[in-house]
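Asks: Below are the structure tokens for one structure; questions will follow.
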Amino acid sequence: MTTLRSATRRVPPPALSLVLAAALVTGLAGADWRQFRGNDSSSVAPGEKPPLAWGDTENIAWKIPLSGRGLSGPIIVGDRVYLTSSDGFDQDRLLVECYDVKTGVRRWRRTFQATGRTQCHSKMANATPTPASDGKRIFAFYSSNDLVCLDLDGNLQWYRGLTHDYPNASNSLGMASSPVVIGDTVIVQVESQSESFATGLDVATGTTRWHRKQHRFDNWSSPIALTGKDPAKSLVLLQNMVGLTALDARTGREAWQYDQPASRTPSSVVANGTVYIPSNGLTVVRPSGTDKKTPEIAWKNNRFSSGTPSPLVYRGKVFTMSGPIVKCGDASTGKLLWQLRLKGAFTSSPVAANGHLYYFGETGATYVVDVTGAKGKIVAENAMGATILCTPAIADNAVFVRSNGHLWKISK
Amino acid sequence: MTQRLPARLLTASATLLLLTASVPADAAAPAELISAIKSVDKKGKGNRAAREAVAELSGSEPAVLLPLLAAFRNANPLATNYLRSAAETIVDRSIAAKKKLPRKRLEAFITDRKNDPQARRLAFEIVERVDDTVVDRLIPGMLTDPNPVFRRQAVVRLLDLAGRLQKENQQDLARSLYKRTLQGATDDDQVKTIAKLLRKMGEKVDLPRHFGFLTNWHIVGPFDNTGSKGFNVAYPPEKQVDLKAKLKGKLGAATWKSYKTTNDFGIVDIAKQISPYKGAVMYCTTVFESKTPRSIQFRLGTPNAWKLWVNDRQVFANEEYHRGMKLDQYSVPVTLRAGSNTILLKICQNEQDQDWAQRYQFQVRTCDVSGIAVLSADRSAALFPSKETRP
């Protein structure tokens, strides 16, 4: 309950109700990190205090070798870390592995054979999407559009081969969109030039609840949840080249649509019922009380463009990253507050905890930025000694991060 | 009843009785459970029954591993993943409980090439968990194995050995070993390495033949693909391939011209060797001779949109532009008939003007499911065109 207690102290009542609603939707408990950018896709880990500085031997609880490649981030459920990888010359061997949070000892591994095309850009891997969990199950998704559901002990619950079902659903550069769990539906967004769709599947059986054809454009962004007062009416937000569409997560019925082109790699983020969309720089919308089909635009600012890392909203500020430049703005007005230059290229999205943002670079350089003051301040630069492309997880007062070769737990 | 059963069925029944000895009385027999798993199909059909079957099988004794692995044969790729998961769970539990795995029977399963290649690989990984000597004992004999993962491992070992011979100045032995090694190599990184080493030693290597690239084509075009609309327009070659026909193309009259690629990787480069057309459709045709009816794969690489017909039947189409090109980018299963098989490829270029969107090319090869070339019956069998005899 650390997460919720900390949130209680920090957020005002309306926001608290949203946090609680989100907790009900995703079934959160404790300091889990259950999907890409955390339980609510915010990249924020309330109440967590991971170290600011680390080195080869300092503040590394454990570092274990991995046999497969992956850009997928680790997820944390209870006392376990779950990680996907892919290996083999064709990246067609799919791995799902479970490690002990405290010791890093592997508890189990399951392997599967990809049923879809495994080709991807040399920088990517078949295991690029981050897995998701509803607290009882793991949903491991791959560029080949294989979606595997296991229970927390590694027992197969169901298997869907979405390219096996829809043979043109593939991208020769690779797919990257991560699944999201909303209530009892797991949602994946599969969009490419040759075939595109989004689908909601029953978490228990893997059967299709809804299937929606999407525009045939490449897309690597991930779906996210927008939760209102009634968790049963939670929406899933699908972002792509033509905009952002809100659907009822359980039925796939369209609720509203933002119809301006949005980025295809960084994903939107929700904070306090407001959606921050990487579109025309950054466009901030909230569901309208009057025209229910068109959201109300709170503000937009073309200075807040995003490269690959997704935007992040934290403590009333919004952060975007383009190239090595971090920009910080007022989350409610869009006013630019400060900017900061880091070094190198970044694929990983930043994560936030205890007043700091953690940026993991492709060169292995990591930057910890204090964002509590009037200006952002780099308080630590740490070298991982490996290319980091995944978005890390924060739980157990630790940062969990992987490269193609290793998985680290960074903690005191 | 038993007296009426044929001997083979009797043995199978006895085996299943033995296997089910540890399963509760009300549990389904492994054969029924395996049948439930093999019924799983596209779009989630049969998921629930398959999950229940996996759960039940996962508590079985290690002896059930053999029927599970045998069930890979003729199972669809979804079902094999359920079977795989049940097998891995049994192994985990058996090792944790210090139960013995049926190592000898698993090893016999691995070495019997009639068994499903993926199941054999899984059996190998299971044995490897309890006996790491299996690598040294079995991999050296797997250079021409139907499973490409085994072949790759065998190639790595032979390459290492040949390299050491070369360093010791035993050139003839090394050369002979490199040639032998090439027979098992189908992954392009290994093939490139071996071909480079052999060529350095003065050998000729026919890589298009090694991979099974189709190198002789007749090509006609361009037809209009402005706005990428030509992808879905059935131009005359889709109705009939007449190599003598004079067709109306985008730039006037268009006639079929013969084209032979000598590229190591069978690349037909339309942009460089014909013309850098934009907004264009080209048709390419060839004939593949097969002595018998058989199933093979057509493997295609291209950064352009394409459609493929075999004997007038469209076997696949993909409308993707400029997302890279790679060997074996697309694999299309095809059933050939005995005799001549007509291949027609429609290859489309769009109008993107970026530097990285100018490639207009393709490569097609024919191979078995494991990637080993299947050659047209009228093609030379000489992999090494020099006079030297093959090892």
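Starting from 1 in every chain, residues are counted up; chains themselves are A, B, ... following the order of the structure tokens, and ligands are numbered from 1 as listed.
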Taking only region 122-335 of chain A into account, list the residues labelled strand (DSSP E or B) by DSSP (computed from the backbone), as number ranges by chain.
Replies: A: 132-133, 137-141, 146-151, 156-161, 180-182, 185-191, 196-202, 208-213, 224-226, 235-240, 243-248, 254-258, 269-271, 274-277, 282-286, 296-301, 312-314, 317-322, 325-330
Asks: Write down, as a list in words, each residue of chain A that has any atom within 6 Å of an atom of chain B, counting only C-alpha atoms.
Replies: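 Every residue of chain A that passes the 6 Å test is in Phe112, Gln157, Trp158, Asp165, Ser172, Leu173, Gln193, Ser194 and Thr207 of chain A.
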Asks: As a ChimeraX atom specification, please: every residue in region 162-212 of chain B that a backbone DSSP assignment puts in alpha helix (DSSP H).
Replies: /B:162-167,171-184,188-200,207-211
Asks: Would you save the residues of that selection, restricted to N, CA and C atoms, as a tab-separated table (two decimals), in the first residue's frame?
Replies:
chain	number	residue	atom	x	y	z
B	162	ALA	N	37.84	-25.35	-38.79
B	162	ALA	CA	38.49	-25.03	-40.07
B	162	ALA	C	39.43	-23.83	-39.90
B	163	GLY	N	39.00	-22.86	-39.09
B	163	GLY	CA	39.85	-21.69	-38.84
B	163	GLY	C	41.16	-22.09	-38.19
B	164	ARG	N	41.06	-23.03	-37.24
B	164	ARG	CA	42.28	-23.49	-36.57
B	164	ARG	C	43.19	-24.23	-37.54
B	165	LEU	N	42.58	-25.04	-38.42
B	165	LEU	CA	43.39	-25.75	-39.42
B	165	LEU	C	44.10	-24.76	-40.33
B	166	GLN	N	43.39	-23.71	-40.69
B	166	GLN	CA	43.97	-22.70	-41.58
B	166	GLN	C	45.16	-22.01	-40.90
B	167	LYS	N	44.98	-21.72	-39.61
B	167	LYS	CA	46.08	-21.09	-38.88
B	167	LYS	C	47.29	-22.00	-38.79
B	171	GLN	N	45.98	-25.89	-45.37
B	171	GLN	CA	45.04	-25.21	-46.26
B	171	GLN	C	44.05	-26.16	-46.92
B	172	ASP	N	44.54	-27.31	-47.40
B	172	ASP	CA	43.64	-28.21	-48.12
B	172	ASP	C	42.55	-28.77	-47.19
B	173	LEU	N	42.98	-29.12	-46.00
B	173	LEU	CA	41.99	-29.62	-45.03
B	173	LEU	C	40.97	-28.54	-44.68
B	174	ALA	N	41.50	-27.33	-44.48
B	174	ALA	CA	40.62	-26.21	-44.13
B	174	ALA	C	39.64	-25.95	-45.26
B	175	ARG	N	40.14	-25.93	-46.48
B	175	ARG	CA	39.29	-25.68	-47.65
B	175	ARG	C	38.17	-26.73	-47.73
B	176	SER	N	38.57	-27.95	-47.56
B	176	SER	CA	37.62	-29.04	-47.62
B	176	SER	C	36.54	-28.90	-46.53
B	177	LEU	N	36.99	-28.49	-45.36
B	177	LEU	CA	36.06	-28.35	-44.24
B	177	LEU	C	35.12	-27.15	-44.45
B	178	TYR	N	35.65	-26.07	-44.99
B	178	TYR	CA	34.79	-24.92	-45.28
B	178	TYR	C	33.70	-25.31	-46.28
B	179	LYS	N	34.09	-26.08	-47.28
B	179	LYS	CA	33.11	-26.51	-48.28
B	179	LYS	C	32.03	-27.37	-47.65
B	180	ARG	N	32.48	-28.26	-46.79
B	180	ARG	CA	31.51	-29.14	-46.12
B	180	ARG	C	30.59	-28.29	-45.23
B	181	THR	N	31.18	-27.33	-44.56
B	181	THR	CA	30.41	-26.49	-43.63
B	181	THR	C	29.34	-25.69	-44.36
B	182	LEU	N	29.66	-25.24	-45.56
B	182	LEU	CA	28.71	-24.44	-46.32
B	182	LEU	C	27.41	-25.21	-46.57
B	183	GLN	N	27.53	-26.53	-46.67
B	183	GLN	CA	26.32	-27.33	-46.93
B	183	GLN	C	25.27	-27.15	-45.84
B	184	GLY	N	25.71	-26.90	-44.62
B	184	GLY	CA	24.75	-26.78	-43.52
B	184	GLY	C	24.34	-25.35	-43.23
B	188	ASP	N	22.35	-16.07	-43.37
B	188	ASP	CA	23.20	-15.33	-44.30
B	188	ASP	C	24.53	-14.88	-43.70
B	189	ASP	N	24.57	-14.66	-42.37
B	189	ASP	CA	25.85	-14.26	-41.78
B	189	ASP	C	26.87	-15.38	-41.90
B	190	GLN	N	26.43	-16.61	-41.66
B	190	GLN	CA	27.36	-17.74	-41.75
B	190	GLN	C	27.75	-18.00	-43.20
B	191	VAL	N	26.77	-17.91	-44.09
B	191	VAL	CA	27.06	-18.17	-45.51
B	191	VAL	C	28.05	-17.14	-46.04
B	192	LYS	N	27.84	-15.88	-45.69
B	192	LYS	CA	28.75	-14.82	-46.15
B	192	LYS	C	30.17	-15.07	-45.64
B	193	THR	N	30.27	-15.45	-44.39
B	193	THR	CA	31.59	-15.71	-43.80
B	193	THR	C	32.31	-16.83	-44.55
B	194	ILE	N	31.58	-17.94	-44.76
B	194	ILE	CA	32.21	-19.10	-45.40
B	194	ILE	C	32.57	-18.77	-46.85
B	195	ALA	N	31.65	-18.12	-47.57
B	195	ALA	CA	31.91	-17.81	-48.98
B	195	ALA	C	33.13	-16.90	-49.10
B	196	LYS	N	33.23	-15.94	-48.18
B	196	LYS	CA	34.38	-15.02	-48.21
B	196	LYS	C	35.69	-15.78	-48.00
B	197	LEU	N	35.68	-16.69	-47.06
B	197	LEU	CA	36.90	-17.46	-46.78
B	197	LEU	C	37.27	-18.35	-47.97
B	198	LEU	N	36.27	-19.00	-48.56
B	198	LEU	CA	36.54	-19.87	-49.71
B	198	LEU	C	37.05	-19.07	-50.91
B	199	ARG	N	36.43	-17.94	-51.14
B	199	ARG	CA	36.85	-17.11	-52.28
B	199	ARG	C	38.29	-16.60	-52.08
B	200	LYS	N	38.60	-16.29	-50.83
B	200	LYS	CA	39.99	-15.88	-50.54
B	200	LYS	C	40.96	-17.00	-50.88
B	207	LEU	N	26.65	-18.72	-54.91
B	207	LEU	CA	25.73	-18.42	-53.81
B	207	LEU	C	24.26	-18.40	-54.24
B	208	PRO	N	23.92	-17.85	-55.43
B	208	PRO	CA	22.51	-17.92	-55.84
B	208	PRO	C	21.98	-19.35	-55.84
B	209	ARG	N	22.83	-20.28	-56.27
B	209	ARG	CA	22.40	-21.67	-56.26
B	209	ARG	C	22.30	-22.19	-54.83
B	210	HIS	N	23.25	-21.81	-54.00
B	210	HIS	CA	23.24	-22.27	-52.61
B	210	HIS	C	21.94	-21.85	-51.91
B	211	PHE	N	21.54	-20.61	-52.14
B	211	PHE	CA	20.33	-20.12	-51.47
B	211	PHE	C	19.04	-20.53	-52.21
Asks: Just want the 10 Å neighbourhood of region 255-266 of chain B, counted on only C-alpha atoms, with same-chain residues fewer than 6 positions away dropped. Output as a PyMOL selection string.
Replies: chain B and resi 188+192+205-222+241-249+273-274+283-286+301+327+362-365
Asks: Which of these, B:Ala63, B:Met282, B:Ala185, B:Leu68, has the shortest distance to Asp116 (chain B) once you count only C-alpha atoms?
Replies: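 Looking only at the distances to Asp116 (chain B), the closest residue turns out to be B:Leu68.
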Asks: So that I can see what lies close to Gly385 (chain A), please list as a list of chain:residue names the residues with an atom at most 8 Å from it, counting only C-alpha atoms and leaving out residues fewer than 2 positions away in the same chain.
Replies: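 Listing them by chain and then by number gives A:Thr363, A:Gly364, A:Ala365, A:Ala383, A:Thr387.
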Asks: Rank B:Glu107, B:Thr226, B:Met201, B:Cys348 by their smallest atom-to-atom distance to Thr133 (chain B), using only C-alpha atoms, and report the top residue only.
Replies: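 Distance minimum relative to Thr133 (chain B) lands on B:Glu107.
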Asks: Please identify every residue of region 161-268 of chain A that has at least one atom no farther than 10 Å from an atom of region 338-354 of chain A, counting only C-alpha atoms, and for each give the shortest atom pair and the distance in Å to one decimal, arranged by chain then increasing number, as a Markdown table.
Replies:
| residue | atom | partner | partner_atom | distance |
| --- | --- | --- | --- | --- |
| A:Thr265 | CA | A:Thr347 | CA | 9.8 |
| A:Pro266 | CA | A:Ser349 | CA | 8.3 |
| A:Ser267 | CA | A:Ser349 | CA | 9.5 |
Asks: Could you write those residues out with N, CA and C atoms, as a compact mmCIF listing (two decimals), in the first residue's frame?
Replies:
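Output (selection-v5.txt):
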# COMPACT_ATOMS: atom_id res chain seq x y z
N THR A 265 5.50 7.47 -32.34
CA THR A 265 6.41 6.72 -31.46
C THR A 265 6.19 7.05 -29.98
N PRO A 266 6.35 8.31 -29.54
CA PRO A 266 6.07 8.57 -28.12
C PRO A 266 4.57 8.42 -27.87
N SER A 267 4.24 8.06 -26.65
CA SER A 267 2.84 7.82 -26.31
C SER A 267 2.30 8.94 -25.44
Asks: Quick one: distance from CA of Leu33 (chain B) to CA of Pro117 (chain B) in Å, one decimal?
Replies: 22.0 Å
Asks: Between CA of Asn311 (chain B) and CA of Ser290 (chain B), what is the distance in Å, rounded to a tenth?
Replies: 12.6 Å
Asks: Can you pull out every residue within 9 Å of Val96 (chain A), counting only C-alpha atoms, but drop anything in the same chain fewer than 4 positions away, and send it as JSON, numbers by chain?
Replies: {"A": [82, 83, 84, 85, 86, 108, 109, 110, 111, 112, 140, 148, 154]}
Asks: Those same residues, written as a short mmCIF file (atom, residue, chain, number, x, y, z; two decimals), in the first residue's frame with N, CA and C atoms?
Replies:
data_model
loop_
_atom_site.label_atom_id
_atom_site.label_comp_id
_atom_site.auth_asym_id
_atom_site.auth_seq_id
_atom_site.Cartn_x
_atom_site.Cartn_y
_atom_site.Cartn_z
N TYR A 82 9.20 -9.53 -13.98
CA TYR A 82 8.89 -10.28 -15.20
C TYR A 82 9.52 -9.55 -16.39
N LEU A 83 10.11 -10.34 -17.27
CA LEU A 83 10.84 -9.75 -18.38
C LEU A 83 10.65 -10.61 -19.63
N THR A 84 10.51 -9.96 -20.76
CA THR A 84 10.45 -10.70 -22.03
C THR A 84 11.75 -10.48 -22.80
N SER A 85 12.13 -11.47 -23.58
CA SER A 85 13.29 -11.37 -24.47
C SER A 85 13.00 -12.20 -25.71
N SER A 86 13.85 -12.05 -26.68
CA SER A 86 13.75 -12.93 -27.86
C SER A 86 15.17 -13.32 -28.26
N TRP A 108 11.49 -18.92 -12.92
CA TRP A 108 11.09 -19.76 -14.04
C TRP A 108 11.31 -19.04 -15.36
N ARG A 109 11.30 -19.86 -16.40
CA ARG A 109 11.40 -19.32 -17.77
C ARG A 109 10.48 -20.16 -18.67
N ARG A 110 9.76 -19.48 -19.53
CA ARG A 110 8.98 -20.20 -20.55
C ARG A 110 9.45 -19.73 -21.92
N THR A 111 9.48 -20.66 -22.85
CA THR A 111 9.87 -20.29 -24.21
C THR A 111 8.72 -20.61 -25.17
N PHE A 112 8.63 -19.83 -26.20
CA PHE A 112 7.61 -20.05 -27.23
C PHE A 112 8.24 -19.79 -28.59
N ALA A 140 2.46 -11.12 -22.25
CA ALA A 140 3.73 -10.86 -22.94
C ALA A 140 3.44 -10.70 -24.42
N VAL A 148 1.06 -13.74 -25.33
CA VAL A 148 1.08 -14.90 -24.46
C VAL A 148 0.55 -14.50 -23.09
N GLY A 154 3.96 -18.91 -14.21
CA GLY A 154 4.46 -19.38 -15.50
C GLY A 154 3.58 -20.42 -16.18
#
Asks: Could you check which of B:Arg113, B:Arg379, B:Arg313, B:Arg294 is closest to Arg337 (chain B), using only C-alpha atoms?
Replies: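 Residue with the minimum atom-to-atom distance to Arg337 (chain B): B:Arg294.
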Asks: Considering only C-alpha atoms, state which residue in the set A:Ser178, A:Asn397, A:Thr320, A:Ser288 is at the smallest distance from Tyr359 (chain A).
Replies: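 Smallest distance to Tyr359 (chain A) is found for A:Thr320.
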Asks: Counting only C-alpha atoms, what is within 10 Å of Lys123 (chain A), bar same-chain residues fewer than 3 positions away, as number ranges by chain?
Replies: A: 70-71, 120, 173-174, 389
Asks: What is the CA of Gly68 (chain A)-CA of Leu95 (chain A) distance in Å, reported with one decimal?
Replies: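 One can read the CA of Gly68 (chain A) to CA of Leu95 (chain A) distance as 7.4 Å.
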